[in-house]
>>> print(open('data-v2.cif').read())   # mmCIF, C-alpha atoms
data_work
loop_
_atom_site.label_atom_id
_atom_site.label_comp_id
_atom_site.auth_asym_id
_atom_site.auth_seq_id
_atom_site.Cartn_x
_atom_site.Cartn_y
_atom_site.Cartn_z
CA MET A 213 0.00 0.00 0.00
CA ASN A 214 1.13 3.53 -0.75
CA GLY A 215 0.48 6.58 1.39
CA ILE A 216 1.70 9.92 2.68
CA ASP A 217 2.33 11.55 6.05
CA ILE A 218 1.36 15.16 6.69
CA SER A 219 0.98 17.84 9.35
CA LYS A 220 -0.06 21.48 9.57
CA HIS A 221 2.81 22.24 7.18
CA GLN A 222 0.57 20.82 4.44
CA ALA A 223 -2.54 22.70 5.64
CA GLY A 224 -5.10 23.12 2.86
CA LEU A 225 -4.21 19.93 1.02
CA ASN A 226 -7.43 18.36 -0.27
CA LEU A 227 -7.23 14.67 0.54
CA ALA A 228 -9.63 13.85 -2.29
CA ASN A 229 -6.67 14.62 -4.54
CA VAL A 230 -4.50 12.26 -2.48
CA LYS A 231 -7.04 9.46 -3.01
CA ASN A 232 -7.31 10.26 -6.71
CA ALA A 233 -3.52 10.14 -6.99
CA GLY A 234 -3.65 6.47 -5.99
CA ARG A 235 -2.67 6.76 -2.34
CA ASP A 236 -4.29 4.35 0.10
CA PHE A 237 -3.53 5.89 3.48
CA VAL A 238 -2.42 8.98 5.35
CA ILE A 239 -0.50 9.25 8.61
CA LEU A 240 -1.38 12.49 10.38
CA ARG A 241 0.64 14.35 12.96
CA GLY A 242 -1.76 14.37 15.84
CA SER A 243 0.41 16.19 18.34
CA TYR A 244 3.95 17.22 19.12
CA THR A 245 6.26 18.24 21.93
CA GLY A 246 7.97 21.56 21.36
CA TYR A 247 11.75 21.45 21.53
CA GLY A 248 12.11 24.59 23.67
CA ALA A 249 13.22 24.56 27.28
CA ASN A 250 9.69 23.86 28.57
CA ARG A 251 8.91 21.21 25.95
CA THR A 252 5.20 21.94 25.94
CA LYS A 253 2.82 19.48 24.27
CA ASN A 254 0.59 20.72 21.47
CA LYS A 255 -2.14 19.41 19.19
CA ASP A 256 -1.45 19.81 15.48
CA SER A 257 -3.79 22.57 14.26
CA SER A 258 -4.65 20.67 11.06
CA PHE A 259 -5.27 17.27 12.64
CA GLU A 260 -9.06 17.43 12.97
CA THR A 261 -9.59 18.82 9.47
CA PHE A 262 -7.30 16.24 7.91
CA TYR A 263 -8.88 13.41 9.89
CA GLN A 264 -12.39 14.29 8.72
CA ASN A 265 -11.22 14.89 5.15
CA ALA A 266 -9.36 11.56 5.06
CA LYS A 267 -12.36 9.62 6.37
CA ALA A 268 -14.69 11.36 3.91
CA ASN A 269 -12.46 10.29 1.02
CA GLY A 270 -11.99 6.67 2.03
CA LEU A 271 -8.37 6.91 3.06
CA LYS A 272 -6.99 4.71 5.82
CA VAL A 273 -5.77 6.89 8.71
CA GLY A 274 -2.98 6.66 11.27
CA ALA A 275 -1.39 9.24 13.55
CA TYR A 276 1.88 10.14 15.26
CA HIS A 277 3.26 12.24 18.08
CA TYR A 278 6.52 14.11 17.47
CA SER A 279 8.49 13.34 20.61
CA CYS A 280 11.08 15.13 22.72
CA ALA A 281 10.84 12.57 25.53
CA THR A 282 14.04 11.45 27.23
CA ASN A 283 12.74 8.99 29.83
CA LYS A 284 9.85 6.60 30.39
CA THR A 285 7.76 9.06 32.39
CA GLU A 286 7.92 11.61 29.58
CA GLY A 287 7.06 8.96 27.00
CA ILE A 288 3.99 7.97 29.01
CA ALA A 289 2.93 11.62 29.23
CA GLU A 290 3.20 12.03 25.45
CA ALA A 291 1.11 8.89 24.91
CA ASN A 292 -1.59 10.18 27.24
CA PHE A 293 -1.55 13.56 25.50
CA ILE A 294 -2.15 12.18 22.01
CA TYR A 295 -4.79 9.82 23.37
CA ASP A 296 -6.71 12.53 25.22
CA ASN A 297 -6.46 15.14 22.46
CA CYS A 298 -6.48 13.15 19.22
CA LEU A 299 -7.28 9.45 19.50
CA LYS A 300 -10.14 9.11 21.95
CA GLY A 301 -13.49 8.62 20.23
CA LYS A 302 -11.95 8.11 16.75
CA LYS A 303 -11.10 5.07 14.63
CA PHE A 304 -7.77 4.44 12.91
CA GLU A 305 -6.95 1.82 10.30
CA MET A 306 -3.21 2.45 10.54
CA PRO A 307 -0.88 2.42 13.59
CA ILE A 308 -0.21 5.17 16.10
CA TYR A 309 3.48 6.11 16.15
CA ILE A 310 5.97 7.89 18.33
CA ASP A 311 8.23 9.99 16.07
CA VAL A 312 11.76 9.97 17.47
CA GLU A 313 14.31 12.22 15.79
CA GLU A 314 14.84 15.27 18.02
CA GLN A 315 18.54 16.18 17.90
CA ARG A 316 18.35 18.75 20.70
CA TRP A 317 16.97 16.36 23.32
CA GLN A 318 17.25 12.76 22.22
CA ALA A 319 20.28 12.23 20.00
CA ASN A 320 22.80 11.59 22.79
CA ASN A 321 20.56 9.71 25.19
CA LYS A 322 20.21 6.23 23.74
CA SER A 323 18.98 4.57 26.92
CA GLY A 324 16.62 7.40 27.85
CA VAL A 325 14.97 7.72 24.46
CA THR A 326 14.50 3.96 24.29
CA ASP A 327 12.83 4.03 27.70
CA ALA A 328 10.60 6.86 26.43
CA ILE A 329 9.57 4.82 23.40
CA ILE A 330 8.68 1.86 25.59
CA GLY A 331 6.65 4.09 27.92
CA PHE A 332 4.74 5.57 24.99
CA CYS A 333 4.06 2.22 23.33
CA GLU A 334 3.12 0.37 26.50
CA THR A 335 0.68 3.11 27.47
CA LEU A 336 -1.17 3.13 24.15
CA GLU A 337 -1.14 -0.66 23.88
CA SER A 338 -2.82 -0.80 27.26
CA LYS A 339 -5.56 1.43 25.80
CA GLY A 340 -6.04 -0.88 22.81
CA TYR A 341 -3.89 0.65 20.08
CA TYR A 342 -1.57 -0.83 17.47
CA VAL A 343 1.59 1.19 18.06
CA GLY A 344 4.97 1.70 16.49
CA ILE A 345 8.12 3.80 16.20
CA TYR A 346 9.11 6.23 13.45
CA ALA A 347 12.79 7.07 13.05
CA SER A 348 15.45 7.29 10.40
CA LEU A 349 17.57 4.26 9.53
CA ASP A 350 20.53 5.97 11.23
CA TRP A 351 18.59 6.51 14.44
CA PHE A 352 17.39 2.90 14.55
CA LYS A 353 20.96 1.71 14.04
CA ASN A 354 22.87 4.17 16.22
CA LYS A 355 20.73 6.34 18.52
CA ILE A 356 18.03 3.94 19.73
CA ASP A 357 18.57 0.60 21.46
CA THR A 358 16.41 -1.07 18.82
CA ALA A 359 17.15 -4.55 20.12
CA ARG A 360 14.93 -3.68 23.11
CA LEU A 361 12.02 -2.86 20.80
CA ASP A 362 11.30 -6.17 19.07
CA ALA A 363 7.73 -6.00 20.35
CA TYR A 364 6.81 -2.93 18.28
CA SER A 365 6.21 -2.03 14.66
CA LYS A 366 8.88 0.08 12.93
CA TRP A 367 8.35 2.84 10.36
CA VAL A 368 11.76 3.50 8.84
CA ALA A 369 12.73 6.72 7.08
CA CYS A 370 15.28 6.14 4.33
CA TRP A 371 14.99 8.33 1.26
CA THR A 372 16.40 5.99 -1.35
CA ASN A 373 15.04 4.17 -4.38
CA ALA A 374 15.91 0.77 -2.92
CA GLN A 375 14.27 -0.66 0.19
CA PRO A 376 16.77 -0.34 3.07
CA GLN A 377 18.45 -3.24 4.78
CA PHE A 378 16.98 -3.36 8.26
CA ASN A 379 18.16 -6.12 10.58
CA TYR A 380 15.54 -5.79 13.29
CA ARG A 381 12.08 -7.27 13.75
CA GLY A 382 8.98 -5.31 12.90
CA PHE A 383 9.95 -3.32 9.78
CA GLU A 384 6.40 -2.77 8.52
CA MET A 385 6.46 0.65 6.86
CA TRP A 386 9.01 2.65 4.87
CA GLN A 387 9.12 6.41 4.36
CA ASN A 388 10.89 6.44 1.02
CA SER A 389 10.86 10.16 0.14
CA ASP A 390 10.42 13.64 1.54
CA CYS A 391 9.72 15.21 -1.84
CA GLY A 392 6.52 13.69 -3.16
CA VAL A 393 4.03 16.16 -4.66
CA VAL A 394 0.23 16.03 -4.61
CA SER A 395 -1.70 18.94 -6.14
CA GLY A 396 1.37 21.13 -5.90
CA THR A 397 1.93 20.32 -2.21
CA LYS A 398 5.17 18.69 -1.10
CA VAL A 399 4.61 15.58 1.04
CA ASP A 400 6.49 12.65 2.51
CA THR A 401 5.65 9.35 0.79
CA ASP A 402 5.36 5.94 2.42
CA VAL A 403 4.99 2.26 1.62
CA ALA A 404 3.25 -0.15 4.02
CA PHE A 405 4.15 -3.85 3.86
CA VAL A 406 1.37 -5.07 6.16
CA ASP A 407 -2.43 -5.08 5.86
CA PHE A 408 -2.77 -3.01 9.02
CA GLU A 409 -6.50 -2.46 8.57
CA SER A 410 -7.37 -6.17 8.66
CA ILE A 411 -5.19 -6.77 11.72
CA ILE A 412 -6.54 -3.75 13.57
CA LYS A 413 -10.20 -4.47 12.85
CA SER A 414 -10.08 -8.20 13.45
CA HIS A 415 -8.38 -7.71 16.82
CA GLY A 416 -10.51 -4.80 17.94
CA LEU A 417 -7.77 -2.16 18.09
CA ASN A 418 -7.61 1.59 17.42
CA GLY A 419 -11.22 2.29 18.33
CA TYR A 420 -12.73 -0.68 16.46
CA SER A 421 -14.73 -3.51 17.99
CA LYS A 422 -13.16 -6.95 17.69
CA GLY A 423 -14.08 -8.75 14.49
CA THR A 424 -15.22 -5.58 12.66
CA ASN A 425 -13.58 -6.93 9.51
CA SER A 426 -14.27 -10.54 8.58
CA ASN A 427 -11.02 -10.71 6.63
CA THR A 428 -8.47 -12.02 9.08
CA ALA A 429 -4.74 -11.45 8.83
CA PRO A 430 -1.62 -12.57 10.67
CA GLN A 431 -1.06 -11.15 14.14
CA PRO A 432 1.13 -8.04 14.39
CA THR A 433 4.84 -8.75 14.72
CA ARG A 434 4.84 -7.66 18.35
CA LYS A 435 2.11 -10.19 19.22
CA SER A 436 3.95 -13.22 17.87
#
>>> encode(input="data-v2.cif", output="structure tokens")
Amino acid sequence: MNGIDISKHQAGLNLANVKNAGRDFVILRGSYTGYGANRTKNKDSSFETFYQNAKANGLKVGAYHYSCATNKTEGIAEANFIYDNCLKGKKFEMPIYIDVEEQRWQANNKSGVTDAIIGFCETLESKGYYVGIYASLDWFKNKIDTARLDAYSKWVACWTNAQPQFNYRGFEMWQNSDCGVVSGTKVDTDVAFVDFESIIKSHGLNGYSKGTNSNTAPQPTRKS
């Protein structure tokens, strides 16, 4: 499946044009932690509009929180923020991700950022969500203790024509470009290797009741 990921930086993009361009899904920035000294949490100002527009046009929807967390407690707080402000009461056919790439807070704290990821993922899993981690190939290899994260789905950013070599479990989505264009708007483009919707619906995740979709699929990597 092919998709895009967007935030308020693409405000005004009509997702009907995304569907007509042959894209199957959209991953929306739901919320983010500011990188200033206070690291305040914020809801993306375009999230609600994009969510409604995506649903209206038959696109599968996921979401992410841009993280600045450096320990488990902060990761838990970010998970609770995106749940309370973006996820609760909605349905998602794609995973909910923690986006880990913040040079100012996370780049030199391998243990802490890994703890934060675990806190985020554990918290949303406990609420019934299919969760995962977004990061660049370099971060997964060098700045995150990825071996501790076998239980979770990985969304790997590597802007190359060839699928990257990734020697960890759970590589289920690939961000292959930051320069796609839809209706004159620059977007990141993505490829999903898993039928997330069937897994999510059949297991009653992401706001769906169990067995919503009669088409069953293999369990998520982290459940095996």
>>> atom_distance(input="data-v2.cif", atom1="atom CA of A:Arg381", atom2="atom CA of A:Ser219")
27.8 Å
>>> resolve_selection(input="data-v2.cif", expression="the PyMOL selection byres ((chain A and resi 351) around 12)", output="ChimeraX atom specification")
/A:311-315,318-322,325-326,345-350,352-358,366-370,378
>>> atom_distance(input="data-v2.cif", atom1="atom CA of A:Cys333", atom2="atom CA of A:Glu286")
11.9 Å
>>> resolve_selection(input="data-v2.cif", expression="the PyMOL selection byres ((chain A and resi 261-270) around 7)", output="NGL selection string")
:A and (227-228 or 231 or 258-260 or 271-273)
>>> resolve_selection(input="data-v2.cif", expression="the PyMOL selection byres ((chain A and resi 305) around 8)", output="list in words")
Lys272, Val273, Gly274, Lys303, Phe304, Met306, Pro307, Phe408, Glu409, Ile412, Lys413 and Asn418 of chain A
>>> closest_residue(input="data-v2.cif", among="A:Val393, A:Leu225, A:Val230, A:Ala281", to="A:Thr245", atoms="only C-alpha atoms")
A:Ala281
>>> residues_around(input="data-v2.cif", residues="A:Tyr244", least_positions_apart="3", cutoff="12 Å", atoms="only C-alpha atoms", output="VMD selection string")
chain A and resid 219 to 220 240 to 241 247 to 248 251 to 257 259 275 to 281 287 289 to 291 293 to 294 297 to 298 309 to 314
>>> residues_around(input="data-v2.cif", residues="A:Gly215", least_positions_apart="3", cutoff="8 Å", atoms="only C-alpha atoms", output="short mmCIF file (atom, residue, chain, number, x, y, z; two decimals) with C-alpha atoms, keeping the file's coordinate frame")
data_model
loop_
_atom_site.label_atom_id
_atom_site.label_comp_id
_atom_site.auth_asym_id
_atom_site.auth_seq_id
_atom_site.Cartn_x
_atom_site.Cartn_y
_atom_site.Cartn_z
CA ARG A 235 -2.67 6.76 -2.34
CA ASP A 236 -4.29 4.35 0.10
CA PHE A 237 -3.53 5.89 3.48
CA VAL A 238 -2.42 8.98 5.35
CA ILE A 239 -0.50 9.25 8.61
CA THR A 401 5.65 9.35 0.79
CA ASP A 402 5.36 5.94 2.42
CA VAL A 403 4.99 2.26 1.62
CA ALA A 404 3.25 -0.15 4.02
#
>>> atom_distance(input="data-v2.cif", atom1="atom CA of A:Asp407", atom2="atom CA of A:Cys391")
24.9 Å
>>> closest_residue(input="data-v2.cif", among="A:Ser323, A:Asn292, A:Asn229, A:Ser338", to="A:Ala359", atoms="only C-alpha atoms")
A:Ser323
>>> residues_around(input="data-v2.cif", residues="A:Asp327", least_positions_apart="5", cutoff="9 Å", atoms="only C-alpha atoms", output="MDAnalysis selection string")
chainID A and resid 282:285 287 322 332
>>> decode(input="data-v2.cif", residues="stretch 384-418 of chain A", atoms="C-alpha atoms", output="short mmCIF file (atom, residue, chain, number, x, y, z; two decimals), in the first residue's frame")
data_model
loop_
_atom_site.label_atom_id
_atom_site.label_comp_id
_atom_site.auth_asym_id
_atom_site.auth_seq_id
_atom_site.Cartn_x
_atom_site.Cartn_y
_atom_site.Cartn_z
CA GLU A 384 6.40 -2.77 8.52
CA MET A 385 6.46 0.65 6.86
CA TRP A 386 9.01 2.65 4.87
CA GLN A 387 9.12 6.41 4.36
CA ASN A 388 10.89 6.44 1.02
CA SER A 389 10.86 10.16 0.14
CA ASP A 390 10.42 13.64 1.54
CA CYS A 391 9.72 15.21 -1.84
CA GLY A 392 6.52 13.69 -3.16
CA VAL A 393 4.03 16.16 -4.66
CA VAL A 394 0.23 16.03 -4.61
CA SER A 395 -1.70 18.94 -6.14
CA GLY A 396 1.37 21.13 -5.90
CA THR A 397 1.93 20.32 -2.21
CA LYS A 398 5.17 18.69 -1.10
CA VAL A 399 4.61 15.58 1.04
CA ASP A 400 6.49 12.65 2.51
CA THR A 401 5.65 9.35 0.79
CA ASP A 402 5.36 5.94 2.42
CA VAL A 403 4.99 2.26 1.62
CA ALA A 404 3.25 -0.15 4.02
CA PHE A 405 4.15 -3.85 3.86
CA VAL A 406 1.37 -5.07 6.16
CA ASP A 407 -2.43 -5.08 5.86
CA PHE A 408 -2.77 -3.01 9.02
CA GLU A 409 -6.50 -2.46 8.57
CA SER A 410 -7.37 -6.17 8.66
CA ILE A 411 -5.19 -6.77 11.72
CA ILE A 412 -6.54 -3.75 13.57
CA LYS A 413 -10.20 -4.47 12.85
CA SER A 414 -10.08 -8.20 13.45
CA HIS A 415 -8.38 -7.71 16.82
CA GLY A 416 -10.51 -4.80 17.94
CA LEU A 417 -7.77 -2.16 18.09
CA ASN A 418 -7.61 1.59 17.42
#
